Amino acid sequence: MHDEKKPGLFARLKASLSKTRGNLTEKVDDLVRENRKVDDDFYDELEEILILADCGAKATDVIITELRRRVKAQGITDTGYAREELKKIMIEQMDVPRPPLKWPMVMMVVGVNGVGKTTTIGKLALRFQSIGRKIILCAGDTFRAAAAEQLTVWAERARVPIVKHDEGADPAAVVFDGIKAAKAQDADLLIVDTAGRLHNKKNLMDELNKMRRIVDRDFPEADVRCILVLDATTGQNGLAQAKAFKEVCEIGGIILTKLDGTAKGGIALAIRQELEVPVWYIGVGEGIDDLQPFVAKDFVEALF
């Protein structure tokens, strides 16, 4: 069954990366097609292409340094071969194994407002439900009236229970009730939506810490993961957000949304290099099943 879906998934991934392909791979191909030597100018131009595709300075430096090393070691003179090595290096850079999932699990989903956090939670619920897991959603963002309403719509779509309080309630109290419900209903996964107010870091930190303490105290058997949702269209700005969230909580994985709307898909490389956190899932469209597990090899193949 899984393999039947694969071509469709890959086609969607490929389509979603079309803007990045125009910004990154086609420029690399133009560089290669010029029948030129693999020399300093070649590396300089390649570096510029990677930076412009938002691969980030650190990732670009690592890639170019490793490419130079391999070209020298293997005596490569053909830019076409250099391109193949570039692909291999990019796959190796991004191929961080995702830790195995353990049940029961509490997923605390963080991210600034507007990145598609609530929609992503809905898609996650559907995804885990499709593999037979029992899910409960928890509306921990009590500051935006629309947040709980939005999450309720997704809960109904996914046909999963939701725990929520009135606007302005203490988020930790909602989490407490969510844990109670998860235990009573023997749920595998409690997904907690959190407020995305990064401009007020102190409050956010206190809030997340309080939620976490309640989970540790009342649900010690649960595996707790803090998942950060980032909007790929924001490029380097998203990376700055990720660094700020990393100061606030221990990020276990990243979900990169809106990849279909950006030429900055190289941000996946920057995230891996600068944050040393694996990308778990990528959003490649608006559809319910457009949240895909991130597979480095597929990602780079789709790019090239």
# chains A, B, ... in the order shown; residues from 1 in each chain; ligands from 1
call {"tool": "residues_around", "arguments": {"residues": "range 61-64 of chain A", "least_positions_apart": "4", "cutoff": "8 Å", "atoms": "only C-alpha atoms", "output": "list in words"}}
result
Tyr43, Glu47, Ala57, Arg68, Leu86, Ile89 and Met90 of chain A
call {"tool": "residues_around", "arguments": {"residues": "Val174 in chain A", "least_positions_apart": "6", "cutoff": "10 Å", "atoms": "only C-alpha atoms", "output": "PyMOL selection string"}}
result
chain A and resi 138-142+163-166+180+192+211
call {"tool": "closest_residue", "arguments": {"among": "A:Ile227, A:Leu189, A:Leu17, A:Leu256", "to": "Met105 in chain A", "atoms": "only C-alpha atoms"}}
result
A:Leu189
call {"tool": "residues_around", "arguments": {"residues": "Ile51 in chain A", "least_positions_apart": "6", "cutoff": "12 Å", "atoms": "only C-alpha atoms", "output": "PyMOL selection string"}}
result
chain A and resi 23-24+44-45+57-61+63-64+235-236+263-267+269-270
call {"tool": "write_last_selection", "arguments": {"atoms": "C-alpha atoms", "output": "mmCIF file, in the first residue's frame"}}
result
data_model
loop_
_atom_site.group_PDB
_atom_site.id
_atom_site.type_symbol
_atom_site.label_atom_id
_atom_site.label_comp_id
_atom_site.auth_asym_id
_atom_site.auth_seq_id
_atom_site.Cartn_x
_atom_site.Cartn_y
_atom_site.Cartn_z
ATOM 1 C CA ASN A 23 16.284 29.395 -7.900
ATOM 2 C CA LEU A 24 18.819 26.665 -7.119
ATOM 3 C CA ASP A 44 32.480 31.156 -6.158
ATOM 4 C CA GLU A 45 29.438 31.054 -8.432
ATOM 5 C CA ALA A 57 26.278 30.730 5.185
ATOM 6 C CA LYS A 58 27.227 27.842 7.463
ATOM 7 C CA ALA A 59 25.691 25.068 5.335
ATOM 8 C CA THR A 60 27.088 26.627 2.153
ATOM 9 C CA ASP A 61 30.574 26.777 3.630
ATOM 10 C CA ILE A 63 29.109 22.004 1.314
ATOM 11 C CA ILE A 64 31.711 23.943 -0.709
ATOM 12 C CA GLY A 235 13.700 31.896 4.750
ATOM 13 C CA GLN A 236 16.444 33.231 7.016
ATOM 14 C CA ALA A 263 12.026 29.621 -3.839
ATOM 15 C CA LYS A 264 13.820 29.344 -0.490
ATOM 16 C CA GLY A 265 13.676 25.551 -0.076
ATOM 17 C CA GLY A 266 17.396 25.640 0.687
ATOM 18 C CA ILE A 267 16.330 26.674 4.189
ATOM 19 C CA LEU A 269 19.845 22.743 4.659
ATOM 20 C CA ALA A 270 20.367 25.838 6.774
#
call {"tool": "residues_around", "arguments": {"residues": "Phe128 in chain A", "least_positions_apart": "3", "cutoff": "12 Å", "atoms": "only C-alpha atoms", "output": "compact mmCIF listing (two decimals) with N, CA, C and O atoms, in the first residue's frame"}}
result
# COMPACT_ATOMS: atom_id res chain seq x y z
N LEU A 101 9.50 6.86 17.37
CA LEU A 101 8.36 7.36 18.15
C LEU A 101 8.01 6.37 19.24
O LEU A 101 7.99 5.17 19.02
N TRP A 103 5.23 5.57 22.46
CA TRP A 103 3.87 5.87 22.92
C TRP A 103 3.73 5.51 24.39
O TRP A 103 4.35 4.59 24.85
N MET A 105 2.66 9.57 23.78
CA MET A 105 3.49 10.74 23.48
C MET A 105 2.68 12.03 23.66
O MET A 105 1.49 12.06 23.38
N MET A 107 2.97 15.80 22.20
CA MET A 107 3.65 16.65 21.24
C MET A 107 3.25 18.09 21.52
O MET A 107 2.09 18.45 21.40
N ILE A 121 -1.21 20.88 12.96
CA ILE A 121 -1.66 19.98 14.03
C ILE A 121 -2.80 19.09 13.52
O ILE A 121 -2.82 17.88 13.75
N GLY A 122 -3.74 19.71 12.77
CA GLY A 122 -4.84 18.94 12.19
C GLY A 122 -4.33 17.85 11.27
O GLY A 122 -4.80 16.70 11.31
N LYS A 123 -3.36 18.20 10.44
CA LYS A 123 -2.79 17.22 9.50
C LYS A 123 -2.03 16.12 10.23
O LYS A 123 -2.04 14.96 9.82
N LEU A 124 -1.34 16.51 11.31
CA LEU A 124 -0.63 15.50 12.12
C LEU A 124 -1.62 14.51 12.73
O LEU A 124 -1.38 13.30 12.74
N ALA A 125 -2.73 15.04 13.23
CA ALA A 125 -3.76 14.18 13.84
C ALA A 125 -4.25 13.16 12.82
O ALA A 125 -4.35 11.96 13.12
N ILE A 131 -2.53 5.64 10.85
CA ILE A 131 -1.73 4.45 11.19
C ILE A 131 -2.26 3.79 12.47
O ILE A 131 -1.57 3.03 13.13
N GLY A 132 -3.51 4.15 12.80
CA GLY A 132 -4.18 3.44 13.89
C GLY A 132 -3.92 3.97 15.29
O GLY A 132 -4.20 3.30 16.28
N ARG A 133 -3.39 5.19 15.39
CA ARG A 133 -3.14 5.76 16.72
C ARG A 133 -4.35 6.55 17.21
O ARG A 133 -5.09 7.14 16.41
N LYS A 134 -4.50 6.59 18.53
CA LYS A 134 -5.62 7.31 19.14
C LYS A 134 -5.12 8.69 19.58
O LYS A 134 -4.20 8.80 20.39
N ILE A 135 -5.77 9.73 19.05
CA ILE A 135 -5.27 11.10 19.24
C ILE A 135 -6.25 11.95 20.04
O ILE A 135 -7.47 11.81 19.89
N ILE A 136 -5.70 12.86 20.85
CA ILE A 136 -6.52 13.90 21.47
C ILE A 136 -5.82 15.24 21.21
O ILE A 136 -4.60 15.35 21.33
N ALA A 158 -10.92 15.56 11.58
CA ALA A 158 -10.14 14.34 11.84
C ALA A 158 -10.91 13.35 12.73
O ALA A 158 -10.44 12.26 13.00
N VAL A 160 -11.46 13.55 15.96
CA VAL A 160 -10.73 13.27 17.21
C VAL A 160 -11.25 14.22 18.31
O VAL A 160 -11.69 15.33 18.01
N ALA A 187 -5.29 7.27 25.22
CA ALA A 187 -4.82 7.82 23.94
C ALA A 187 -3.32 7.57 23.77
O ALA A 187 -2.57 7.51 24.73
N ASP A 188 -2.90 7.45 22.50
CA ASP A 188 -1.48 7.29 22.21
C ASP A 188 -0.78 8.64 22.14
O ASP A 188 0.40 8.76 22.46
N LEU A 189 -1.52 9.65 21.69
CA LEU A 189 -0.88 10.93 21.39
C LEU A 189 -1.76 12.10 21.79
O LEU A 189 -2.91 12.19 21.41
N LEU A 190 -1.16 12.99 22.59
CA LEU A 190 -1.82 14.25 22.94
C LEU A 190 -1.05 15.36 22.22
O LEU A 190 0.15 15.55 22.47
N ILE A 191 -1.73 16.05 21.31
CA ILE A 191 -1.06 17.14 20.58
C ILE A 191 -1.53 18.47 21.15
O ILE A 191 -2.72 18.78 21.13
N ASP A 289 -3.54 15.66 3.06
CA ASP A 289 -2.42 14.71 3.09
C ASP A 289 -1.16 15.31 2.48
O ASP A 289 -0.27 14.61 2.02
N LEU A 291 1.10 16.82 4.11
CA LEU A 291 2.17 16.86 5.12
C LEU A 291 2.91 15.55 4.96
O LEU A 291 2.37 14.48 5.19
N GLN A 292 4.16 15.64 4.52
CA GLN A 292 4.92 14.42 4.23
C GLN A 292 6.10 14.28 5.17
O GLN A 292 6.71 15.27 5.55
N PRO A 293 6.47 13.03 5.50
CA PRO A 293 7.70 12.83 6.26
C PRO A 293 8.87 13.36 5.42
O PRO A 293 8.87 13.20 4.20
call {"tool": "select_by_dssp", "arguments": {"residues": "range 19-118 of chain A", "states": "strand (DSSP E or B)", "output": "number ranges by chain"}}
result
A: 37, 78, 105-110
call {"tool": "residues_around", "arguments": {"residues": "Arg36 in chain A", "least_positions_apart": "5", "cutoff": "9 Å", "atoms": "only C-alpha atoms", "output": "PyMOL selection string"}}
result
chain A and resi 31+42+78-79
call {"tool": "write_last_selection", "arguments": {"atoms": "N, CA and C atoms", "output": "PDB file, in the first residue's frame"}}
result
ATOM      1  N   LEU A  31      25.353  26.487 -14.677  1.00  0.00           N
ATOM      2  CA  LEU A  31      26.768  26.580 -14.315  1.00  0.00           C
ATOM      3  C   LEU A  31      27.528  25.374 -14.874  1.00  0.00           C
ATOM      4  N   PHE A  42      34.247  28.673 -10.492  1.00  0.00           N
ATOM      5  CA  PHE A  42      33.115  27.727 -10.414  1.00  0.00           C
ATOM      6  C   PHE A  42      32.599  27.660  -8.972  1.00  0.00           C
ATOM      7  N   ASP A  78      35.412  17.269 -14.526  1.00  0.00           N
ATOM      8  CA  ASP A  78      34.139  17.513 -15.219  1.00  0.00           C
ATOM      9  C   ASP A  78      33.110  18.092 -14.241  1.00  0.00           C
ATOM     10  N   THR A  79      32.500  19.228 -14.624  1.00  0.00           N
ATOM     11  CA  THR A  79      31.532  19.863 -13.723  1.00  0.00           C
ATOM     12  C   THR A  79      30.283  18.999 -13.523  1.00  0.00           C
TER      13      THR A  79
END
call {"tool": "closest_residue", "arguments": {"among": "A:Ile288, A:Ala268, A:Val112, A:Ala82", "to": "Arg197 in chain A", "atoms": "only C-alpha atoms"}}
result
A:Val112
call {"tool": "closest_residue", "arguments": {"among": "A:Val96, A:Gly168, A:Ser18, A:Gly8", "to": "Gln273 in chain A", "atoms": "only C-alpha atoms"}}
result
A:Val96
call {"tool": "select_by_dssp", "arguments": {"residues": "range 78-275 of chain A", "states": "alpha helix (DSSP H)", "output": "JSON, numbers by chain"}}
result
{"A": [79, 80, 81, 82, 83, 84, 85, 86, 87, 88, 89, 90, 91, 92, 93, 94, 117, 118, 119, 120, 121, 122, 123, 124, 125, 126, 127, 128, 129, 130, 145, 146, 147, 148, 149, 150, 151, 152, 153, 154, 155, 156, 157, 158, 171, 172, 173, 174, 175, 176, 177, 178, 179, 180, 181, 182, 183, 184, 201, 202, 203, 204, 205, 206, 207, 208, 209, 210, 211, 212, 213, 214, 215, 216, 217, 218, 236, 237, 238, 239, 240, 241, 242, 243, 244, 245, 246, 247, 248, 267, 268, 269, 270, 271, 272, 273, 274, 275]}
call {"tool": "residues_around", "arguments": {"residues": "range 240-253 of chain A", "least_positions_apart": "2", "cutoff": "8 Å", "atoms": "only C-alpha atoms", "output": "number ranges by chain"}}
result
A: 111-112, 198, 201, 204-205, 208-209, 225-228, 230, 236-238, 255, 275, 277-280
call {"tool": "closest_residue", "arguments": {"among": "A:Arg83, A:Lys19, A:Lys183, A:Lys202", "to": "Leu46 in chain A", "atoms": "only C-alpha atoms"}}
result
A:Arg83
call {"tool": "atom_distance", "arguments": {"atom1": "CA of Asn200 in chain A", "atom2": "CA of Val110 in chain A"}}
result
14.0 Å
call {"tool": "closest_residue", "arguments": {"among": "A:Lys258, A:Asn113, A:Ala181, A:Gly56", "to": "His199 in chain A", "atoms": "only C-alpha atoms"}}
result
A:Asn113
call {"tool": "closest_residue", "arguments": {"among": "A:Val153, A:Val284, A:Ala195, A:Leu303", "to": "Ile91 in chain A", "atoms": "only C-alpha atoms"}}
result
A:Leu303
